[in-house]
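Peer 1: run15.cif (mmCIF, C-alpha atoms) pasted underneath:
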data_query
loop_
_atom_site.label_atom_id
_atom_site.label_comp_id
_atom_site.auth_asym_id
_atom_site.auth_seq_id
_atom_site.Cartn_x
_atom_site.Cartn_y
_atom_site.Cartn_z
CA MET A 109 -42.75 -18.38 24.58
CA ARG A 110 -42.26 -21.53 26.58
CA THR A 111 -43.80 -24.81 25.43
CA PRO A 112 -46.03 -26.07 28.30
CA HIS A 113 -49.54 -24.67 28.21
CA SER A 114 -50.99 -23.75 31.58
CA PRO A 115 -54.74 -23.28 32.09
CA ARG A 116 -55.94 -19.86 33.16
CA THR A 117 -55.91 -19.49 36.94
CA LEU A 118 -56.69 -16.31 38.81
CA THR A 119 -57.10 -16.20 42.53
CA ALA A 120 -59.49 -13.78 44.15
CA GLY A 121 -56.55 -11.84 45.57
CA VAL A 122 -54.90 -11.43 42.20
CA ALA A 123 -58.22 -10.57 40.57
CA LEU A 124 -58.64 -7.75 43.08
CA ALA A 125 -55.11 -6.53 42.50
CA THR A 126 -55.28 -6.65 38.71
CA ALA A 127 -58.51 -4.68 38.76
CA ALA A 128 -56.76 -2.01 40.80
CA LEU A 129 -55.22 0.08 38.06
CA ALA A 130 -55.96 3.64 37.21
CA VAL A 131 -52.57 3.94 35.52
CA GLY A 132 -51.15 5.01 38.87
CA VAL A 133 -49.62 3.24 41.83
CA LEU A 134 -51.06 -0.14 42.66
CA ALA A 135 -51.97 0.42 46.31
CA PRO A 136 -53.28 -1.96 48.96
CA ALA A 137 -57.03 -2.46 48.85
CA VAL A 138 -57.42 -1.32 52.46
CA HIS A 139 -55.64 1.67 54.03
CA ALA A 140 -55.33 2.20 57.74
CA ALA A 141 -56.06 5.91 57.49
CA PRO A 142 -56.47 8.59 54.82
CA ALA A 143 -53.14 9.74 53.43
CA PRO A 144 -52.03 13.34 53.90
CA GLU A 145 -52.81 15.75 51.13
CA ALA A 146 -50.21 16.42 48.46
CA PRO A 147 -49.59 19.84 46.96
CA ALA A 148 -51.25 20.57 43.67
CA ARG A 149 -48.94 20.55 40.68
CA VAL A 150 -49.06 21.41 37.00
CA SER A 151 -49.32 18.37 34.73
CA PRO A 152 -47.53 17.97 31.39
CA VAL A 153 -49.33 18.14 28.07
CA ALA A 154 -49.75 14.73 26.47
CA VAL A 155 -47.99 14.30 23.14
CA ALA A 156 -48.80 11.84 20.38
CA ALA A 157 -46.75 8.66 20.04
CA PRO A 158 -44.46 8.53 17.01
CA ASP A 159 -44.68 6.04 14.20
CA ILE A 160 -42.14 3.28 14.84
CA PRO A 161 -40.16 2.65 11.62
CA VAL A 162 -40.63 -1.02 10.87
CA ALA A 163 -37.40 -0.96 8.84
CA ASN A 164 -35.54 -0.17 12.06
CA VAL A 165 -37.27 -3.03 13.88
CA LYS A 166 -36.31 -5.41 11.07
CA ALA A 167 -32.73 -4.15 11.20
CA HIS A 168 -32.57 -5.26 14.84
CA LEU A 169 -33.93 -8.66 13.79
CA ALA A 170 -31.23 -8.91 11.13
CA GLN A 171 -28.62 -8.30 13.81
CA LEU A 172 -30.12 -11.01 16.03
CA GLN A 173 -30.07 -13.39 13.05
CA GLN A 174 -26.40 -12.63 12.44
CA ILE A 175 -25.66 -13.23 16.12
CA ALA A 176 -27.38 -16.63 15.97
CA ASN A 177 -25.52 -17.52 12.78
CA ALA A 178 -22.21 -16.77 14.48
CA ASN A 179 -23.07 -18.71 17.64
CA GLY A 180 -24.24 -22.17 16.73
CA GLY A 181 -27.57 -21.16 15.19
CA ASN A 182 -29.37 -20.05 18.36
CA ARG A 183 -29.54 -17.44 21.10
CA ALA A 184 -30.54 -19.75 23.96
CA HIS A 185 -29.95 -19.40 27.71
CA GLY A 186 -26.42 -20.32 28.70
CA ARG A 187 -25.16 -20.08 25.11
CA SER A 188 -22.87 -17.43 23.65
CA GLY A 189 -25.60 -16.25 21.29
CA TYR A 190 -27.75 -15.07 24.17
CA LYS A 191 -25.02 -13.00 25.79
CA ALA A 192 -24.14 -11.48 22.41
CA SER A 193 -27.80 -10.57 21.90
CA LEU A 194 -27.91 -8.87 25.29
CA ASP A 195 -24.71 -6.96 24.56
CA TYR A 196 -26.19 -5.72 21.27
CA VAL A 197 -29.36 -4.41 22.91
CA LYS A 198 -27.47 -2.90 25.84
CA GLY A 199 -25.09 -1.05 23.52
CA LYS A 200 -28.01 0.60 21.70
CA LEU A 201 -29.65 1.66 24.95
CA ASP A 202 -26.46 2.98 26.55
CA ALA A 203 -25.80 5.14 23.50
CA ALA A 204 -29.36 6.47 23.65
CA GLY A 205 -29.07 7.72 27.22
CA PHE A 206 -30.78 4.96 29.18
CA THR A 207 -29.53 3.79 32.55
CA THR A 208 -28.97 0.07 32.07
CA SER A 209 -28.25 -2.74 34.51
CA VAL A 210 -27.62 -6.45 34.00
CA GLN A 211 -29.13 -8.80 36.54
CA GLN A 212 -27.56 -12.26 36.86
CA PHE A 213 -29.24 -15.48 37.93
CA SER A 214 -28.56 -19.20 37.64
CA SER A 215 -30.66 -21.81 35.86
CA SER A 216 -29.93 -25.32 34.60
CA GLY A 217 -26.30 -25.02 35.60
CA ALA A 218 -25.69 -21.85 33.59
CA THR A 219 -25.62 -18.13 34.28
CA GLY A 220 -28.55 -16.17 32.93
CA TYR A 221 -28.99 -12.46 32.41
CA ASN A 222 -31.81 -9.92 32.50
CA LEU A 223 -31.27 -6.48 31.00
CA ILE A 224 -33.14 -3.58 32.65
CA ALA A 225 -33.19 -0.10 31.09
CA ASP A 226 -34.60 2.99 32.80
CA TRP A 227 -35.36 6.24 31.01
CA PRO A 228 -34.38 9.20 33.23
CA GLY A 229 -37.19 11.14 34.87
CA GLY A 230 -40.81 10.48 35.62
CA ASP A 231 -42.38 9.54 38.93
CA ALA A 232 -40.61 6.35 40.04
CA SER A 233 -43.50 5.55 42.36
CA ARG A 234 -45.62 5.15 39.22
CA THR A 235 -43.54 3.05 36.83
CA VAL A 236 -44.82 1.77 33.50
CA MET A 237 -42.82 -1.23 32.37
CA ALA A 238 -42.52 -3.04 29.03
CA GLY A 239 -40.70 -6.33 28.58
CA ALA A 240 -39.91 -9.17 26.20
CA HIS A 241 -37.83 -12.31 26.49
CA LEU A 242 -34.58 -12.20 24.55
CA ASP A 243 -33.67 -15.89 24.58
CA SER A 244 -34.48 -18.41 21.87
CA VAL A 245 -34.83 -22.18 22.12
CA THR A 246 -31.75 -24.20 21.24
CA ALA A 247 -33.37 -25.45 18.01
CA GLY A 248 -33.16 -22.15 16.17
CA PRO A 249 -32.43 -18.42 16.15
CA GLY A 250 -35.82 -17.42 17.54
CA ILE A 251 -36.43 -14.39 15.34
CA ASN A 252 -40.20 -14.33 15.79
CA ASP A 253 -40.02 -16.04 19.20
CA ASN A 254 -38.92 -13.71 20.53
CA GLY A 255 -36.67 -11.47 18.54
CA SER A 256 -39.82 -9.73 17.34
CA GLY A 257 -40.96 -8.59 20.78
CA SER A 258 -37.40 -7.75 21.81
CA ALA A 259 -36.82 -5.65 18.70
CA GLY A 260 -40.20 -3.97 18.99
CA ILE A 261 -39.60 -2.68 22.49
CA LEU A 262 -35.97 -1.80 21.67
CA GLU A 263 -36.99 0.46 18.81
CA THR A 264 -39.75 1.97 20.97
CA ALA A 265 -37.17 2.72 23.66
CA LEU A 266 -34.96 4.38 21.05
CA ALA A 267 -37.98 6.42 19.92
CA VAL A 268 -38.37 7.62 23.52
CA SER A 269 -34.77 8.83 23.35
CA ARG A 270 -35.18 10.49 19.95
CA ALA A 271 -38.24 12.37 21.24
CA GLN A 272 -36.45 13.22 24.51
CA LEU A 273 -39.74 12.28 26.11
CA LYS A 274 -40.49 13.79 29.50
CA PRO A 275 -43.10 11.37 30.84
CA ASP A 276 -45.15 12.04 33.93
CA LYS A 277 -44.59 8.42 35.00
CA HIS A 278 -41.31 6.56 34.97
CA LEU A 279 -40.53 4.30 32.00
CA ARG A 280 -38.66 1.02 32.34
CA PHE A 281 -37.86 -1.62 29.69
CA ALA A 282 -36.68 -5.18 30.27
CA TRP A 283 -35.27 -8.04 28.22
CA TRP A 284 -35.62 -11.36 30.03
CA GLY A 285 -33.38 -14.40 30.02
CA ALA A 286 -34.38 -18.07 30.24
CA GLU A 287 -38.06 -17.53 29.46
CA GLU A 288 -38.00 -20.72 27.42
CA LEU A 289 -37.08 -22.64 30.58
CA GLY A 290 -40.14 -21.42 32.45
CA MET A 291 -39.99 -17.61 32.79
CA VAL A 292 -36.90 -17.98 34.96
CA GLY A 293 -35.47 -14.50 34.40
CA SER A 294 -38.67 -12.53 34.86
CA ARG A 295 -39.62 -14.58 37.92
CA TYR A 296 -36.20 -13.89 39.42
CA TYR A 297 -36.67 -10.16 38.82
CA VAL A 298 -40.12 -10.05 40.41
CA ASN A 299 -39.06 -12.17 43.38
CA SER A 300 -36.08 -9.90 43.98
CA LEU A 301 -38.28 -6.81 44.28
CA ALA A 302 -39.19 -5.62 47.75
CA GLY A 303 -42.92 -5.34 48.37
CA GLY A 304 -42.73 -1.56 48.21
CA ASP A 305 -40.98 -1.68 44.85
CA ARG A 306 -43.61 -4.02 43.44
CA SER A 307 -46.31 -1.52 44.34
CA LYS A 308 -44.48 1.15 42.36
CA ILE A 309 -45.07 -0.71 39.07
CA SER A 310 -48.35 0.63 37.70
CA GLY A 311 -48.45 -1.94 34.95
CA TYR A 312 -46.30 -4.43 33.08
CA LEU A 313 -46.74 -4.88 29.31
CA ASN A 314 -45.44 -8.09 27.71
CA PHE A 315 -44.59 -8.62 24.05
CA ASP A 316 -43.87 -12.22 23.10
CA MET A 317 -44.14 -12.93 19.33
CA ILE A 318 -45.53 -9.92 17.46
CA GLY A 319 -44.55 -10.74 13.87
CA SER A 320 -45.97 -14.21 13.22
CA PRO A 321 -46.03 -15.07 9.49
CA ASN A 322 -49.73 -16.03 9.49
CA PRO A 323 -50.64 -13.44 12.09
CA GLY A 324 -53.53 -12.79 14.40
CA TYR A 325 -54.07 -9.73 16.55
CA PHE A 326 -54.46 -10.88 20.13
CA VAL A 327 -54.69 -8.64 23.20
CA TYR A 328 -54.16 -9.74 26.79
CA ASP A 329 -57.36 -9.38 28.84
CA ASP A 330 -55.77 -9.64 32.30
CA ASP A 331 -56.43 -5.99 33.16
CA PRO A 332 -59.33 -3.99 31.64
CA THR A 333 -57.49 -0.67 31.56
CA LEU A 334 -54.43 -2.03 29.78
CA GLU A 335 -56.58 -4.13 27.46
CA LYS A 336 -58.56 -1.04 26.46
CA VAL A 337 -55.44 0.94 25.53
CA PHE A 338 -54.46 -1.66 22.92
CA LYS A 339 -57.99 -2.16 21.66
CA ASP A 340 -58.36 1.59 21.24
CA TYR A 341 -55.23 1.68 19.11
CA PHE A 342 -56.26 -1.15 16.82
CA ALA A 343 -59.70 0.40 16.47
CA THR A 344 -58.00 3.41 14.85
CA LEU A 345 -56.69 0.99 12.20
CA SER A 346 -60.06 -0.79 11.88
CA ILE A 347 -58.33 -4.03 12.88
CA PRO A 348 -60.48 -6.31 15.04
CA THR A 349 -58.74 -8.00 17.94
CA GLU A 350 -59.35 -11.16 19.94
CA ILE A 351 -58.57 -12.03 23.53
CA GLU A 352 -55.21 -13.77 23.89
CA THR A 353 -55.64 -17.29 25.30
CA GLU A 354 -52.94 -19.42 23.62
CA GLY A 355 -50.11 -17.95 25.65
CA ASP A 356 -51.98 -17.30 28.88
CA GLY A 357 -49.65 -18.02 31.77
CA ARG A 358 -46.88 -19.10 29.41
CA SER A 359 -44.82 -15.93 29.15
CA ASP A 360 -43.12 -13.29 31.26
CA HIS A 361 -46.28 -11.48 32.34
CA ALA A 362 -47.16 -14.46 34.55
CA PRO A 363 -44.77 -13.67 37.46
CA PHE A 364 -45.95 -10.04 37.49
CA LYS A 365 -49.58 -11.10 37.49
CA SER A 366 -48.97 -13.55 40.31
CA ALA A 367 -47.42 -10.71 42.33
CA GLY A 368 -50.57 -8.61 41.93
CA ILE A 369 -49.14 -6.25 39.30
CA PRO A 370 -51.55 -5.35 36.46
CA VAL A 371 -50.43 -6.86 33.16
CA GLY A 372 -51.24 -6.43 29.50
CA GLY A 373 -49.67 -7.16 26.16
CA LEU A 374 -49.88 -8.29 22.55
CA PHE A 375 -49.42 -11.58 20.73
CA SER A 376 -49.60 -12.59 17.06
CA GLY A 377 -50.00 -16.36 17.55
CA ALA A 378 -47.83 -19.48 17.82
CA ASP A 379 -48.74 -23.09 17.04
CA TYR A 380 -52.53 -22.82 17.16
CA THR A 381 -54.23 -22.86 13.76
CA LYS A 382 -56.06 -19.97 12.17
CA THR A 383 -59.81 -20.49 11.77
CA ALA A 384 -61.90 -19.43 8.80
CA ALA A 385 -63.43 -16.63 10.87
CA GLN A 386 -59.99 -15.36 11.83
CA ALA A 387 -58.76 -15.49 8.24
CA GLN A 388 -61.79 -13.48 7.18
CA LYS A 389 -60.89 -10.80 9.73
CA TRP A 390 -57.12 -10.75 9.31
CA GLY A 391 -56.29 -12.49 6.04
CA GLY A 392 -53.79 -15.32 5.91
CA SER A 393 -54.15 -19.08 5.56
CA VAL A 394 -57.06 -21.01 7.05
CA GLY A 395 -56.09 -24.15 8.94
CA GLN A 396 -52.42 -23.20 9.11
CA GLU A 397 -50.51 -22.40 12.24
CA PHE A 398 -50.00 -18.76 13.10
CA ASP A 399 -46.29 -19.60 13.15
CA ALA A 400 -45.41 -22.92 11.52
CA CYS A 401 -41.76 -22.38 12.53
CA TYR A 402 -42.55 -21.97 16.22
CA HIS A 403 -39.62 -23.39 18.24
CA ALA A 404 -37.98 -24.67 15.04
CA SER A 405 -34.82 -24.00 13.09
CA CYS A 406 -36.81 -22.15 10.42
CA ASP A 407 -37.71 -19.33 12.84
CA THR A 408 -35.35 -17.02 10.97
CA SER A 409 -35.55 -13.43 9.75
CA SER A 410 -37.68 -14.67 6.83
CA ASN A 411 -40.26 -15.96 9.33
CA ILE A 412 -41.78 -12.51 9.93
CA ASP A 413 -44.90 -10.76 8.67
CA THR A 414 -43.81 -7.15 8.18
CA THR A 415 -47.32 -5.72 8.43
CA ALA A 416 -48.04 -7.39 11.77
CA LEU A 417 -44.63 -6.36 13.08
CA ASP A 418 -45.30 -2.78 12.01
CA HIS A 419 -48.77 -2.56 13.56
CA ASN A 420 -47.72 -4.19 16.82
CA SER A 421 -44.60 -2.03 17.18
CA ASP A 422 -46.70 1.10 16.69
CA ALA A 423 -49.17 -0.24 19.25
CA ILE A 424 -46.35 -0.61 21.79
CA ALA A 425 -45.40 3.03 21.36
CA TYR A 426 -49.03 4.16 21.51
CA ALA A 427 -49.59 2.31 24.78
CA LEU A 428 -46.44 3.60 26.46
CA TRP A 429 -47.09 7.19 25.43
CA GLN A 430 -50.67 6.92 26.69
CA LEU A 431 -49.88 5.18 29.96
CA ALA A 432 -46.87 7.29 30.86
CA ALA A 433 -48.74 10.51 30.00
CA GLY A 434 -45.73 11.83 28.10
CA GLY A 435 -45.35 15.55 27.79
CA SER A 436 -42.82 17.90 26.26
CA THR A 437 -44.10 21.36 27.18
CA PRO A 438 -46.04 22.58 30.20
CA PRO A 439 -49.53 24.04 29.83
CA ASP A 440 -50.46 27.61 30.55
CA PRO A 441 -49.15 28.10 34.12
CA GLY A 442 -51.86 27.61 36.69
CA SER A 443 -54.40 26.09 34.30
CA THR A 444 -54.22 22.60 35.80
CA PHE A 445 -54.01 21.71 39.49
CA GLU A 446 -53.70 18.11 40.67
CA ASN A 447 -53.58 16.08 43.86
CA THR A 448 -51.90 12.68 43.38
CA THR A 449 -51.86 11.49 46.99
CA ASP A 450 -53.77 8.21 47.48
CA LEU A 451 -56.80 8.49 49.73
CA ALA A 452 -58.51 5.41 51.17
CA VAL A 453 -62.30 5.25 50.83
CA PRO A 454 -63.69 3.27 53.81
CA ASP A 455 -66.12 0.50 53.00
CA SER A 456 -69.81 1.08 53.73
CA PRO A 457 -71.06 2.20 56.23
CA GLY A 458 -67.92 4.30 56.56
CA PRO A 459 -67.86 8.09 56.46
CA ALA A 460 -67.23 10.30 53.43
CA VAL A 461 -63.61 11.35 52.90
CA THR A 462 -62.25 14.42 51.12
CA SER A 463 -59.14 15.34 49.16
CA SER A 464 -58.27 19.01 48.67
CA ILE A 465 -56.68 21.16 45.98
CA THR A 466 -55.80 24.78 46.71
CA VAL A 467 -56.04 26.98 43.62
CA ASN A 468 -54.23 30.29 43.49
CA GLY A 469 -53.01 32.66 40.81
CA ARG A 470 -56.32 32.67 38.94
CA THR A 471 -58.52 35.71 38.40
CA GLY A 472 -62.29 35.94 38.57
CA ASN A 473 -64.64 33.00 38.71
CA ALA A 474 -64.21 29.42 37.63
CA PRO A 475 -65.36 28.57 34.08
CA SER A 476 -68.77 27.26 33.12
CA ALA A 477 -67.00 24.16 31.77
CA LEU A 478 -64.57 23.35 34.58
CA LYS A 479 -62.91 19.98 33.88
CA VAL A 480 -62.67 17.62 36.86
CA GLY A 481 -60.55 14.54 36.20
CA VAL A 482 -61.02 11.67 38.66
CA LYS A 483 -59.08 8.41 38.90
CA ALA A 484 -60.49 6.11 41.54
CA VAL A 485 -59.52 2.47 42.05
CA HIS A 486 -62.46 0.43 43.30
CA THR A 487 -63.61 -3.13 42.71
CA TYR A 488 -67.26 -2.02 42.22
CA SER A 489 -67.52 1.53 40.86
CA GLY A 490 -71.27 1.61 41.41
CA ASP A 491 -70.69 1.79 45.17
CA LEU A 492 -69.16 5.25 44.95
CA VAL A 493 -70.77 8.64 45.33
CA ILE A 494 -68.45 11.48 44.28
CA ASP A 495 -69.01 15.22 44.70
CA LEU A 496 -66.95 18.28 43.87
CA VAL A 497 -67.13 20.89 46.61
CA GLY A 498 -66.32 24.44 45.58
CA PRO A 499 -64.65 27.15 47.70
CA SER A 500 -68.13 28.41 48.63
CA GLY A 501 -69.05 25.03 50.11
CA ARG A 502 -71.51 24.23 47.32
CA SER A 503 -71.50 20.62 46.13
CA TYR A 504 -71.64 19.40 42.54
CA ARG A 505 -72.57 15.75 42.05
CA LEU A 506 -70.15 13.98 39.69
CA HIS A 507 -70.99 10.31 40.18
CA ASN A 508 -74.04 8.61 41.70
CA SER A 509 -74.11 5.16 43.25
CA SER A 510 -75.62 2.53 40.98
CA SER A 511 -75.58 -1.18 40.15
CA ASP A 512 -72.60 -0.72 37.81
CA ALA A 513 -70.20 -3.57 38.61
CA THR A 514 -67.39 -2.20 36.41
CA PRO A 515 -64.17 -1.72 38.40
CA ASN A 516 -62.46 1.67 38.66
CA ILE A 517 -63.31 5.20 37.52
CA ASP A 518 -61.09 7.16 35.14
CA THR A 519 -63.31 9.98 33.92
CA THR A 520 -63.20 13.71 33.26
CA TYR A 521 -66.41 15.48 34.32
CA THR A 522 -67.54 18.91 33.13
CA VAL A 523 -69.01 21.20 35.81
CA ASN A 524 -70.63 24.62 35.50
CA ALA A 525 -68.75 26.26 38.36
CA SER A 526 -69.08 29.83 37.12
CA SER A 527 -70.66 30.94 40.43
CA GLU A 528 -67.48 29.96 42.31
CA THR A 529 -64.36 32.08 42.70
CA ALA A 530 -61.51 30.24 41.01
CA ASN A 531 -59.03 30.78 43.84
CA GLY A 532 -59.58 28.89 47.04
CA THR A 533 -59.78 25.35 48.36
CA TRP A 534 -61.66 22.84 46.23
CA LYS A 535 -62.49 19.41 47.60
CA LEU A 536 -63.40 16.05 46.14
CA LYS A 537 -65.71 14.11 48.46
CA LEU A 538 -66.12 10.36 48.11
CA GLN A 539 -68.27 7.89 50.00
CA ASP A 540 -68.74 4.15 49.58
CA LYS A 541 -72.46 3.28 49.67
CA GLY A 542 -72.17 -0.48 49.23
CA PRO A 543 -70.68 -3.26 51.38
CA GLN A 544 -67.76 -5.61 50.73
CA ASP A 545 -65.97 -3.89 47.81
CA THR A 546 -63.17 -1.46 48.63
CA GLY A 547 -60.89 1.04 46.96
CA TYR A 548 -59.14 4.38 47.05
CA LEU A 549 -58.80 7.68 45.23
CA ASP A 550 -55.68 7.57 43.08
CA SER A 551 -55.63 11.18 41.89
CA TRP A 552 -57.83 14.06 40.76
CA LYS A 553 -57.28 17.36 38.98
CA LEU A 554 -58.97 20.61 38.02
CA THR A 555 -58.44 22.17 34.59
CA PHE A 556 -59.60 25.76 34.19
#
Turn this file's structure into structure tokens for me.
Peer 2:
Amino acid sequence: MRTPHSPRTLTAGVALATAALAVGVLAPAVHAAPAPEAPARVSPVAVAAPDIPVANVKAHLAQLQQIANANGGNRAHGRSGYKASLDYVKGKLDAAGFTTSVQQFSSSGATGYNLIADWPGGDASRTVMAGAHLDSVTAGPGINDNGSGSAGILETALAVSRAQLKPDKHLRFAWWGAEELGMVGSRYYVNSLAGGDRSKISGYLNFDMIGSPNPGYFVYDDDPTLEKVFKDYFATLSIPTEIETEGDGRSDHAPFKSAGIPVGGLFSGADYTKTAAQAQKWGGSVGQEFDACYHASCDTSSNIDTTALDHNSDAIAYALWQLAAGGSTPPDPGSTFENTTDLAVPDSPGPAVTSSITVNGRTGNAPSALKVGVKAVHTYSGDLVIDLVGPSGRSYRLHNSSSDATPNIDTTYTVNASSETANGTWKLKLQDKGPQDTGYLDSWKLTF
């Protein structure tokens, strides 16, 4: 993590864009016309994320320590230790079946490198991305800052390979150079993306310092959907979290956020001091820095809290498995039908719009507990009225307009549709009943 601390700034345009995530494509807020319908398809069955062996993560940290020891005590931009670190990570990923590429840039008179690794498969128009900076400061080996985040996402990537994960969405990992000079590598990457490619990134997750020796459990609050995924995981461990503020704008999520890409991430603390209330929640030393060796020569492999590293590495895997909707086996053929084509919802007083799914291959009537999954991106969900329309033309109200100011809808509704024949054309009808706020339907599906 770089040293200067920048105050939180969020323009209205970025606020709109970061709200616009239903773990699908980040689309423009206003569409010129409704998009054509896409054919229904069978979705994969979600599988549980694996436990990430913390011993493996620490083994990567030991390698980064050895690299620093052999290269002047650091792994900084423009130094041999950084390139050796990148070569180590790339070798692991190449052997695991990832498609890797090295992106070069210049900063402070030296050549810098980003490492990008893509896991084959998944919808590239809906890419979930995880990243961490690989460089250290010149003062030390940078094992917590940021070997910890780099090792955590490396071992998660290797877990993807071991599981031979077949995600619905595309998975991409990145290790950034020259973060300590002002997020140079990640900014170069984002700036080099064409506008269309930026919109294909559903979300970027950043991991900068996840093994601090006097740790806290901090979650980025830049996007509510991504924030919730991490909070949900830590809730399963009964670990309370706090909103991350110390590193806001100071790490590699910042260029993505500025480009309107939803961001999230984890952080275990740097040079702020732990309060009594935080020590009561998490243990550790009151009045001591979360990482007393931050940006110092003592940030070595002994400067790591194993428990925090373990929990945060598992949280990375949990988030990626959840967000990429990983699956290994298909469901019963014909049980799930989905339309993933974006559909603009005109602002009030615009007309209702519909998206269709044609069901075939079923017998008899629809079930009394038909599941209707809806993902709608909208800056004010209370503006929306949503109905399911069966093949008979009968409407079933799913969502009423209200004063709910929460952005976005990602909900599965249960409908008694037993009076409808299963086969036929089903429609989802949406209408915006309130002015000013806009959005679109990201996807919807029927599960019989």
Peer 1: Just checking: using all atoms listed in the file, which residue out of A:Thr471, A:Ala203, A:Ala387, A:Met317 ends up closest to A:Gly355?
Peer 2: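 Of all the options, A:Met317 lies closest to A:Gly355.
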Peer 1: Evaluate the PyMOL selection byres ((chain A and resi 184-201) around 7) against this structure - the residues, as a list in words, please.
Peer 2: Leu172, Ile175, Ala176, Asn179, Asn182, Arg183, Asp202, Ala203, Ala204, Gly205, Phe206, Ala218, Thr219, Gly220, Asp243, Ser244, Val245, Thr246, Gly285 and Ala286 of chain A
Peer 1: What separation in Å, quoted to one decimal, exists between atom CA of A:Gly357 and atom CA of A:Asp379?
Peer 2: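 Going from atom CA of A:Gly357 over to atom CA of A:Asp379 covers 15.6 Å.
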Peer 1: In Å, rounded to a single decimal, give me how far atom CA of A:Lys339 is from atom CA of A:His403.
Peer 2: 28.3 Å
Peer 1: Residues picked by the PyMOL selection byres ((chain A and resi 464) around 8) here, as number ranges by chain?
Peer 2: A: 145, 447, 462-463, 465-466, 533-536
Peer 1: Just the selected residues (C-alpha atoms), exported as an mmCIF file, in the frame of the given file, please.
Peer 2:
data_model
loop_
_atom_site.group_PDB
_atom_site.id
_atom_site.type_symbol
_atom_site.label_atom_id
_atom_site.label_comp_id
_atom_site.auth_asym_id
_atom_site.auth_seq_id
_atom_site.Cartn_x
_atom_site.Cartn_y
_atom_site.Cartn_z
ATOM 1 C CA GLU A 145 -52.810 15.750 51.130
ATOM 2 C CA ASN A 447 -53.580 16.080 43.860
ATOM 3 C CA THR A 462 -62.250 14.420 51.120
ATOM 4 C CA SER A 463 -59.140 15.340 49.160
ATOM 5 C CA ILE A 465 -56.680 21.160 45.980
ATOM 6 C CA THR A 466 -55.800 24.780 46.710
ATOM 7 C CA THR A 533 -59.780 25.350 48.360
ATOM 8 C CA TRP A 534 -61.660 22.840 46.230
ATOM 9 C CA LYS A 535 -62.490 19.410 47.600
ATOM 10 C CA LEU A 536 -63.400 16.050 46.140
#
Peer 1: Expanded to explicit residues, what is the PyMOL selection byres ((chain A and resi 211) around 6) for this file, as a list in words?
Peer 2: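 For this structure, the PyMOL selection byres ((chain A and resi 211) around 6) captures Val210, Gln212, Tyr221 and Asn222 of chain A.
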Peer 1: Pick out the residues sitting within 6 Å of stretch 156-170 of chain A, and hand them over as an MDAnalysis selection string; count only C-alpha atoms, and ignore anything fewer than 3 positions along from it in its own chain.
Peer 2: chainID A and resid 173 259:260 418 422 425:426 429
Peer 1: Please produce a file of the residues just selected, as an mmCIF file, in the frame of the given file, where the atoms kept are C-alpha atoms.
Peer 2:
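Heads up, here's the output in out-v4.cif:
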data_model
loop_
_atom_site.group_PDB
_atom_site.id
_atom_site.type_symbol
_atom_site.label_atom_id
_atom_site.label_comp_id
_atom_site.auth_asym_id
_atom_site.auth_seq_id
_atom_site.Cartn_x
_atom_site.Cartn_y
_atom_site.Cartn_z
ATOM 1 C CA GLN A 173 -30.070 -13.390 13.050
ATOM 2 C CA ALA A 259 -36.820 -5.650 18.700
ATOM 3 C CA GLY A 260 -40.200 -3.970 18.990
ATOM 4 C CA ASP A 418 -45.300 -2.780 12.010
ATOM 5 C CA ASP A 422 -46.700 1.100 16.690
ATOM 6 C CA ALA A 425 -45.400 3.030 21.360
ATOM 7 C CA TYR A 426 -49.030 4.160 21.510
ATOM 8 C CA TRP A 429 -47.090 7.190 25.430
#
Peer 1: Report as a PDB file with C-alpha atoms, in the coordinates of the input all protein, DNA and RNA residues lying within 9 Å of stretch 290-296 of chain A, evaluated on all atoms listed in the file, omitting residues in the same chain fewer than 5 positions from it.
Peer 2:
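Saved file part.pdb follows:
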ATOM      1  CA  MET A 109     -42.750 -18.380  24.580  1.00  0.00           C
ATOM      2  CA  ARG A 110     -42.260 -21.530  26.580  1.00  0.00           C
ATOM      3  CA  THR A 111     -43.800 -24.810  25.430  1.00  0.00           C
ATOM      4  CA  PRO A 112     -46.030 -26.070  28.300  1.00  0.00           C
ATOM      5  CA  GLN A 211     -29.130  -8.800  36.540  1.00  0.00           C
ATOM      6  CA  GLN A 212     -27.560 -12.260  36.860  1.00  0.00           C
ATOM      7  CA  PHE A 213     -29.240 -15.480  37.930  1.00  0.00           C
ATOM      8  CA  SER A 214     -28.560 -19.200  37.640  1.00  0.00           C
ATOM      9  CA  SER A 215     -30.660 -21.810  35.860  1.00  0.00           C
ATOM     10  CA  GLY A 220     -28.550 -16.170  32.930  1.00  0.00           C
ATOM     11  CA  TYR A 221     -28.990 -12.460  32.410  1.00  0.00           C
ATOM     12  CA  ASN A 222     -31.810  -9.920  32.500  1.00  0.00           C
ATOM     13  CA  HIS A 241     -37.830 -12.310  26.490  1.00  0.00           C
ATOM     14  CA  ALA A 282     -36.680  -5.180  30.270  1.00  0.00           C
ATOM     15  CA  TRP A 283     -35.270  -8.040  28.220  1.00  0.00           C
ATOM     16  CA  TRP A 284     -35.620 -11.360  30.030  1.00  0.00           C
ATOM     17  CA  GLY A 285     -33.380 -14.400  30.020  1.00  0.00           C
ATOM     18  CA  LEU A 301     -38.280  -6.810  44.280  1.00  0.00           C
ATOM     19  CA  ARG A 358     -46.880 -19.100  29.410  1.00  0.00           C
ATOM     20  CA  SER A 359     -44.820 -15.930  29.150  1.00  0.00           C
ATOM     21  CA  ASP A 360     -43.120 -13.290  31.260  1.00  0.00           C
ATOM     22  CA  HIS A 361     -46.280 -11.480  32.340  1.00  0.00           C
ATOM     23  CA  ALA A 362     -47.160 -14.460  34.550  1.00  0.00           C
ATOM     24  CA  PRO A 363     -44.770 -13.670  37.460  1.00  0.00           C
ATOM     25  CA  PHE A 364     -45.950 -10.040  37.490  1.00  0.00           C
TER      26      PHE A 364
END
